[in-house]
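Structure, as structure tokens:
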Amino acid sequence: MSIDEPSLARLMAASQRGDRAAYRALLGDSGKWLARYFARRIAPHQIDDLVQDTLVSVHRKLATWDNSRPFLPWLAAIARYRWIDMLRRQRDEVELGEGDAAVGAEDEVVHARLSLGRMLTLLPAGQAQVITLVKIEGASIAEASKICGQSESLVKVNIHRGLKKLAQLIESE
């Protein structure tokens, strides 16, 4: 099965109705999508654990997905929360030494991602989704088009308009 928005949404809706085969397919496809999502964010040896942790959260939150909304942003939100939780656990495991209280490069990346996440909420959903897919996750225009159900031209237009709006928001602050 292809990992695209309409397919995943259908599998999720069937899973909510109790279809076990659809649920297995949903977990398999979501696991592949999550592995790609986390590949740019964490060390390779941590990907499997974080994917599993996220899939457990998906299982717990299965009933909260609204089938009138897109599936992938819902999944990405859960993944982002699990990733941040993992970063917090890692931070808490490291004992701070003298001079370690300063903000490091990794913390700056986390803060930047959180700030970007907040800024993306100020954009229309279609623009935020394609910017996330193409500019943050590294998907191609064609992949983003399939995932979000927009034409390739519309994906390009939404990226351009969304980035322009983000630049205006940054300049105004």
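If you're wondering about the labels, chains in the structure tokens are A, B, ... by order shown, residues count from 1 in each chain, ligands from 1 in order shown.
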If we count only C-alpha atoms and set the cut-off at 12 Å, which residues sit around Gln52 (chain A), ignoring sequence neighbours fewer than 2 positions away in its own chain? Please answer as a PDB file with C-alpha atoms, in the first residue's frame.
```
ATOM      1  CA  LEU A  27       0.648   0.468  11.709  1.00  0.00           C
ATOM      2  CA  GLY A  28       3.017  -0.851   9.039  1.00  0.00           C
ATOM      3  CA  SER A  30       2.691   4.598   9.672  1.00  0.00           C
ATOM      4  CA  GLY A  31       5.867   2.930  10.934  1.00  0.00           C
ATOM      5  CA  LYS A  32       7.559   3.480   7.574  1.00  0.00           C
ATOM      6  CA  LEU A  34       7.590   7.663  11.057  1.00  0.00           C
ATOM      7  CA  ALA A  35      11.019   6.147  10.361  1.00  0.00           C
ATOM      8  CA  PHE A  38      12.581  10.668  12.606  1.00  0.00           C
ATOM      9  CA  GLN A  46      17.153   5.504  18.310  1.00  0.00           C
ATOM     10  CA  ILE A  47      14.708   5.463  15.397  1.00  0.00           C
ATOM     11  CA  ASP A  48      13.130   2.047  16.025  1.00  0.00           C
ATOM     12  CA  ASP A  49      12.448   2.777  19.703  1.00  0.00           C
ATOM     13  CA  LEU A  50      10.907   6.150  18.917  1.00  0.00           C
ATOM     14  CA  THR A  54       4.887   6.711  18.709  1.00  0.00           C
ATOM     15  CA  LEU A  55       2.863   3.737  17.430  1.00  0.00           C
ATOM     16  CA  VAL A  56       1.880   2.926  21.024  1.00  0.00           C
ATOM     17  CA  SER A  57       0.677   6.518  21.384  1.00  0.00           C
ATOM     18  CA  VAL A  58      -1.256   6.201  18.111  1.00  0.00           C
ATOM     19  CA  HIS A  59      -2.906   3.072  19.521  1.00  0.00           C
ATOM     20  CA  ALA A  79       5.378  11.991  16.515  1.00  0.00           C
ATOM     21  CA  ARG A  82       7.089  11.702  21.353  1.00  0.00           C
ATOM     22  CA  TRP A  83      10.300  13.154  19.881  1.00  0.00           C
TER      23      TRP A  83
END
```
Long-range neighbours of region 6-19 of chain A as a CSV table (one decimal) with N, CA and C atoms, in the first residue's frame, 9 Å cut-off, only C-alpha atoms, 3 positions minimum in chain:
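Output (selection_18.csv):
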```csv
chain,number,residue,atom,x,y,z
A,1,MET,N,0.9,-1.2,0.0
A,1,MET,CA,0.0,0.0,0.0
A,1,MET,C,0.9,1.2,0.0
A,2,SER,N,0.4,2.2,-0.7
A,2,SER,CA,1.2,3.5,-0.8
A,2,SER,C,0.9,4.3,0.5
A,3,ILE,N,2.0,5.0,0.9
A,3,ILE,CA,1.9,5.9,2.1
A,3,ILE,C,1.5,7.3,1.6
A,22,ALA,N,-6.9,-3.8,8.4
A,22,ALA,CA,-6.6,-2.4,8.1
A,22,ALA,C,-5.7,-1.8,9.2
A,23,TYR,N,-5.9,-2.2,10.4
A,23,TYR,CA,-5.1,-1.7,11.5
A,23,TYR,C,-3.7,-2.1,11.4
A,24,ARG,N,-3.4,-3.4,11.0
A,24,ARG,CA,-2.1,-3.9,10.8
A,24,ARG,C,-1.4,-3.1,9.7
A,25,ALA,N,-2.2,-2.9,8.6
A,25,ALA,CA,-1.6,-2.1,7.5
A,25,ALA,C,-1.3,-0.7,7.9
A,26,LEU,N,-2.2,-0.1,8.6
A,26,LEU,CA,-2.0,1.3,9.1
A,26,LEU,C,-0.7,1.4,10.0
A,29,ASP,N,2.4,1.0,7.6
A,29,ASP,CA,2.6,2.2,6.8
A,29,ASP,C,3.0,3.4,7.6
A,30,SER,N,2.3,3.5,8.8
A,30,SER,CA,2.7,4.6,9.7
A,30,SER,C,4.1,4.4,10.2
A,62,LEU,N,-6.2,6.3,19.2
A,62,LEU,CA,-6.9,5.9,18.0
A,62,LEU,C,-8.3,6.5,17.9
A,63,ALA,N,-9.0,6.6,19.0
A,63,ALA,CA,-10.4,7.1,19.0
A,63,ALA,C,-10.5,8.6,18.9
A,65,TRP,N,-8.9,10.6,16.6
A,65,TRP,CA,-8.8,11.1,15.3
A,65,TRP,C,-10.1,11.3,14.7
A,66,ASP,N,-10.3,12.5,14.1
A,66,ASP,CA,-11.6,13.0,13.5
A,66,ASP,C,-11.4,12.7,12.0
A,67,ASN,N,-12.3,11.8,11.5
A,67,ASN,CA,-12.1,11.5,10.0
A,67,ASN,C,-12.5,12.6,9.1
A,69,ARG,N,-10.8,15.3,9.3
A,69,ARG,CA,-9.5,16.0,9.3
A,69,ARG,C,-8.4,15.1,8.6
A,70,PRO,N,-7.4,15.7,8.1
A,70,PRO,CA,-6.3,14.9,7.5
A,70,PRO,C,-5.6,14.0,8.6
A,71,PHE,N,-5.2,12.8,8.2
A,71,PHE,CA,-4.5,11.9,9.1
A,71,PHE,C,-3.0,12.3,9.4
A,72,LEU,N,-2.3,12.6,8.3
A,72,LEU,CA,-0.8,12.8,8.5
A,72,LEU,C,-0.5,13.9,9.5
A,146,LYS,N,1.0,13.8,-3.5
A,146,LYS,CA,0.3,12.6,-3.2
A,146,LYS,C,-0.2,12.5,-1.8
A,147,ILE,N,0.7,12.9,-0.8
A,147,ILE,CA,0.3,12.8,0.6
A,147,ILE,C,-0.9,13.7,0.9
A,148,CYS,N,-0.8,15.0,0.4
A,148,CYS,CA,-1.8,16.0,0.9
A,148,CYS,C,-2.9,16.1,-0.1
A,149,GLY,N,-2.9,15.5,-1.3
A,149,GLY,CA,-4.0,15.5,-2.2
A,149,GLY,C,-4.0,16.8,-3.0
```
Counting only C-alpha atoms, the residue of A:Arg41, A:Lys165, A:Lys156, A:Arg91 that sits nearest Ile136 (chain A):
A:Arg41
Taking the chain letters and numbering used in this document, name the residues of chain A that DSSP puts in helix (DSSP H, G or I), as a ChimeraX atom specification.
/A:5-16,20-39,44-60,62-64,71-93,105-120,125-136,141-148,152-172
Contacts of region 123-127 of chain A at 12 Å or less, counting only C-alpha atoms, minus same-chain residues fewer than 5 places along, as a ChimeraX atom specification?
/A:69-70,72-74,116-118,132-135,144-145,147-151,154-169
Go ahead and write the residues just picked, N, CA and C atoms, as a CSV table (one decimal), in the first residue's frame.
```csv
chain,number,residue,atom,x,y,z
A,69,ARG,N,-10.8,15.3,9.3
A,69,ARG,CA,-9.5,16.0,9.3
A,69,ARG,C,-8.4,15.1,8.6
A,70,PRO,N,-7.4,15.7,8.1
A,70,PRO,CA,-6.3,14.9,7.5
A,70,PRO,C,-5.6,14.0,8.6
A,72,LEU,N,-2.3,12.6,8.3
A,72,LEU,CA,-0.8,12.8,8.5
A,72,LEU,C,-0.5,13.9,9.5
A,73,PRO,N,-1.2,15.1,9.5
A,73,PRO,CA,-0.8,16.1,10.5
A,73,PRO,C,-1.1,15.6,11.9
A,74,TRP,N,-2.2,14.8,12.0
A,74,TRP,CA,-2.5,14.2,13.3
A,74,TRP,C,-1.3,13.3,13.8
A,116,LEU,N,9.2,27.2,15.1
A,116,LEU,CA,8.7,27.0,13.8
A,116,LEU,C,7.3,26.3,13.8
A,117,GLY,N,7.2,25.3,14.7
A,117,GLY,CA,5.9,24.7,14.8
A,117,GLY,C,4.8,25.6,15.2
A,118,ARG,N,5.1,26.6,16.1
A,118,ARG,CA,4.1,27.6,16.5
A,118,ARG,C,3.8,28.5,15.3
A,132,THR,N,6.0,21.7,5.7
A,132,THR,CA,6.5,20.7,6.6
A,132,THR,C,7.0,19.5,5.8
A,133,LEU,N,6.2,19.0,4.9
A,133,LEU,CA,6.6,17.8,4.1
A,133,LEU,C,7.9,18.1,3.3
A,134,VAL,N,7.9,19.2,2.5
A,134,VAL,CA,8.9,19.4,1.5
A,134,VAL,C,10.2,20.1,2.2
A,135,LYS,N,10.0,21.1,3.0
A,135,LYS,CA,11.1,21.9,3.5
A,135,LYS,C,11.7,21.3,4.8
A,144,ALA,N,4.8,15.1,-1.8
A,144,ALA,CA,3.9,16.0,-1.0
A,144,ALA,C,2.6,16.1,-1.7
A,145,SER,N,2.6,16.1,-3.0
A,145,SER,CA,1.3,16.2,-3.8
A,145,SER,C,0.4,15.0,-3.5
A,147,ILE,N,0.7,12.9,-0.8
A,147,ILE,CA,0.3,12.8,0.6
A,147,ILE,C,-0.9,13.7,0.9
A,148,CYS,N,-0.8,15.0,0.4
A,148,CYS,CA,-1.8,16.0,0.9
A,148,CYS,C,-2.9,16.1,-0.1
A,149,GLY,N,-2.9,15.5,-1.3
A,149,GLY,CA,-4.0,15.5,-2.2
A,149,GLY,C,-4.0,16.8,-3.0
A,150,GLN,N,-2.9,17.5,-3.1
A,150,GLN,CA,-2.9,18.8,-3.9
A,150,GLN,C,-2.1,18.5,-5.2
A,151,SER,N,-2.4,19.3,-6.2
A,151,SER,CA,-1.6,19.1,-7.4
A,151,SER,C,-0.2,19.6,-7.2
A,154,LEU,N,-0.1,23.3,-7.2
A,154,LEU,CA,-0.6,23.9,-5.9
A,154,LEU,C,0.4,23.8,-4.8
A,155,VAL,N,1.1,22.6,-4.7
A,155,VAL,CA,2.1,22.4,-3.7
A,155,VAL,C,3.1,23.5,-3.8
A,156,LYS,N,3.6,23.8,-5.0
A,156,LYS,CA,4.7,24.8,-5.2
A,156,LYS,C,4.1,26.2,-4.8
A,157,VAL,N,2.9,26.5,-5.2
A,157,VAL,CA,2.3,27.8,-4.9
A,157,VAL,C,2.1,27.9,-3.4
A,158,ASN,N,1.6,26.9,-2.7
A,158,ASN,CA,1.4,26.9,-1.3
A,158,ASN,C,2.8,27.1,-0.5
A,159,ILE,N,3.8,26.4,-1.0
A,159,ILE,CA,5.1,26.6,-0.4
A,159,ILE,C,5.6,28.0,-0.5
A,160,HIS,N,5.5,28.6,-1.7
A,160,HIS,CA,5.9,29.9,-2.0
A,160,HIS,C,5.2,30.9,-1.1
A,161,ARG,N,3.8,30.8,-1.1
A,161,ARG,CA,3.0,31.7,-0.3
A,161,ARG,C,3.2,31.5,1.2
A,162,GLY,N,3.4,30.3,1.6
A,162,GLY,CA,3.6,30.0,3.0
A,162,GLY,C,4.9,30.6,3.5
A,163,LEU,N,6.0,30.4,2.7
A,163,LEU,CA,7.3,30.9,3.1
A,163,LEU,C,7.3,32.4,3.1
A,164,LYS,N,6.6,33.0,2.2
A,164,LYS,CA,6.5,34.5,2.1
A,164,LYS,C,5.8,35.0,3.4
A,165,LYS,N,4.7,34.3,3.8
A,165,LYS,CA,4.0,34.7,5.0
A,165,LYS,C,4.8,34.5,6.2
A,166,LEU,N,5.6,33.4,6.3
A,166,LEU,CA,6.5,33.2,7.4
A,166,LEU,C,7.6,34.3,7.5
A,167,ALA,N,8.1,34.7,6.4
A,167,ALA,CA,9.1,35.7,6.4
A,167,ALA,C,8.5,37.0,6.9
A,168,GLN,N,7.3,37.3,6.5
A,168,GLN,CA,6.6,38.5,7.0
A,168,GLN,C,6.4,38.4,8.5
A,169,LEU,N,6.0,37.3,9.0
A,169,LEU,CA,5.8,37.1,10.4
A,169,LEU,C,7.1,37.3,11.2
```
